[in-house]
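Worksheet: the structure to be examined is printed underneath.
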Amino acid sequence: MTKIDESKQYKFSEIIAMLENSELPEGTELTNAYYSANHVYVVSKLVGFDSDCMFDKRSSSVAGMDIRLISYLWSIKLPKEDKFYLKAPVLFARGLYLNYNKQTHAYFLDSLTQTEGHQTKFTKKEIDSMPFDTNFFEKIKVEDE
């Protein structure tokens with residue numbers, strides 16, 4: 001699996017490999033150095049195809065093969081992931097939320113105040129990779145700030 005770096009530029013062959021391996025989440029935006037930022041491709045599913053496809057964001061049509069698509073480098077902008085607070089059960093700890101200390105790599109219960117050293121908002125992927133069962137926490141979607 002490719003670690004995607006949004007600050008890096010990718011070859012077209014790398015983009016195709018990521019599409020074939022379903023490594024780019026739906027809604028990922030792809031632009032290349034030839035076209036302006038107004039000409040964006042979006043990754044999406046297409047019924048009847050085994051892998052994701054690139055759609056022209058302006059026309060919603062599948063990207064047509066063009067030498068400019070192959071010859072120039074590509075930028076990747078991943079879609080914004082939803083974040084959640086994990087609220088502890090009331091019987092266990094009233095009004096406390098799961099926090100993560102970035103220095104000690106320890107989880108603890110505290111307020112919602114997120115600081116540079118403490119994380120209180122977690123993506124679904126982060127929640128799934130936690131080393132303990134999170135099912136008893138209430139997942140509260142963080143509203144856009």
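In the structure tokens, chains take letters A, B, ... by order of appearance, with residues numbered from 1 within each chain and ligands from 1 in the order shown.
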
**OP:** Within stretch 21-133 of chain A, find each residue whose DSSP state, derived from the backbone, is strand (DSSP E or B), and express the selection as a ChimeraX atom specification.
**Re:** /A:29-32,41-44,53-56,62,74-77,83-87,97-101,106-110,118-119,122-123

Saved selection, atoms kept: C-alpha atoms, as a tab-separated table (two decimals), in the first residue's frame:
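Everything below was put into out-v8.tsv:
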chain	number	residue	atom	x	y	z
A	29	GLU	CA	-9.03	15.05	-6.25
A	30	LEU	CA	-6.29	14.65	-8.87
A	31	THR	CA	-4.71	17.47	-10.84
A	32	ASN	CA	-1.70	17.48	-13.14
A	41	TYR	CA	-10.31	14.74	-11.74
A	42	VAL	CA	-12.16	12.99	-8.93
A	43	VAL	CA	-11.84	9.34	-7.91
A	44	SER	CA	-15.14	7.49	-7.84
A	53	CYS	CA	-12.13	5.53	-12.06
A	54	MET	CA	-11.03	9.12	-12.67
A	55	PHE	CA	-13.89	11.47	-13.53
A	56	ASP	CA	-13.55	14.97	-14.90
A	62	VAL	CA	-14.63	9.35	-17.26
A	74	TRP	CA	0.06	14.64	-10.68
A	75	SER	CA	-0.95	16.12	-7.33
A	76	ILE	CA	-3.28	14.29	-4.96
A	77	LYS	CA	-5.71	15.98	-2.57
A	83	LYS	CA	-13.60	13.18	12.93
A	84	PHE	CA	-15.25	11.94	16.09
A	85	TYR	CA	-15.09	12.47	19.83
A	86	LEU	CA	-15.29	9.28	21.86
A	87	LYS	CA	-17.44	9.91	24.93
A	97	TYR	CA	-13.88	11.93	26.55
A	98	LEU	CA	-11.06	9.80	25.24
A	99	ASN	CA	-7.80	11.72	24.84
A	100	TYR	CA	-4.46	10.64	23.41
A	101	ASN	CA	-1.13	11.95	24.71
A	106	ALA	CA	-1.09	6.89	26.25
A	107	TYR	CA	-4.89	7.10	26.15
A	108	PHE	CA	-6.77	8.71	29.05
A	109	LEU	CA	-10.14	10.27	29.88
A	110	ASP	CA	-10.42	14.05	30.16
A	118	HIS	CA	-3.23	15.92	23.32
A	119	GLN	CA	-5.61	14.67	20.65
A	122	PHE	CA	-10.18	10.87	15.88
A	123	THR	CA	-10.84	9.66	12.33

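When only C-alpha atoms are used to compute distances to A:Ala93, the closest of the residues A:Ser111, A:Ala33, A:Pro79, A:Lys124 turns out to be A:Ser111.
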
Original post:
If you measure from atom CA of A:Tyr34 to atom CA of A:Glu20, what distance in Å do you get, rounded to one decimal?
Top reply: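 Atom-to-atom, atom CA of A:Tyr34 and atom CA of A:Glu20 are spaced 23.2 Å apart.
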
**OP:** Would you mind reading off the distance between atom CA of A:His39 and atom CA of A:Lys80, one decimal, in Å?
**Re:**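 Those two atoms sit 19.6 Å apart.
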
Subject >> Shortest interatomic distance to A:Tyr72 - which of A:Asn135, A:Thr28, A:Ser22, A:Ser13, counting only C-alpha atoms >> reply: A:Ser13

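For the residues A:Glu138, A:Glu23, A:Glu126, A:Asp133, ranking by smallest atom-to-atom distance to A:Ala88 using only C-alpha atoms places A:Glu138 first.
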
Original post:
Counting only C-alpha atoms, which of A:Thr104, A:Tyr10, A:Leu78, A:Lys141 gets nearest to A:Thr120?
Top reply: A:Lys141

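When only C-alpha atoms are used to measure the gap to A:Asn21, the shortest distance among A:Phe132, A:Asp52, A:Gln9, A:Leu69 belongs to A:Asp52.
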
Subject >> Selection: 7 Å around A:Pro89, only C-alpha atoms, excl. self and same-chain fewer than 3 positions, as a ChimeraX atom specification >> reply: /A:92-93,136-137

Using N, CA and C atoms, can you write the selected residues to a file as a PDB file, in the first residue's frame?
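So the final result, stored in selection30.pdb, reads:
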ATOM      1  N   PHE A  92     -19.490   5.060  33.746  1.00  0.00           N
ATOM      2  CA  PHE A  92     -18.053   4.884  33.927  1.00  0.00           C
ATOM      3  C   PHE A  92     -17.362   6.202  34.288  1.00  0.00           C
ATOM      4  N   ALA A  93     -17.662   7.232  33.540  1.00  0.00           N
ATOM      5  CA  ALA A  93     -17.027   8.534  33.765  1.00  0.00           C
ATOM      6  C   ALA A  93     -17.905   9.621  33.167  1.00  0.00           C
ATOM      7  N   PHE A 136     -17.849   0.555  23.332  1.00  0.00           N
ATOM      8  CA  PHE A 136     -18.646   1.097  24.427  1.00  0.00           C
ATOM      9  C   PHE A 136     -18.618   2.624  24.478  1.00  0.00           C
ATOM     10  N   PHE A 137     -17.717   3.267  23.715  1.00  0.00           N
ATOM     11  CA  PHE A 137     -17.694   4.720  23.633  1.00  0.00           C
ATOM     12  C   PHE A 137     -18.807   5.205  22.710  1.00  0.00           C
TER      13      PHE A 137
END

Subject >> atom CA of A:Ile140 to atom CA of A:Glu6, straight-line distance in Å >> reply: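 So the two atoms, atom CA of A:Glu6 and atom CA of A:Ile140, lie 27.6 Å apart.
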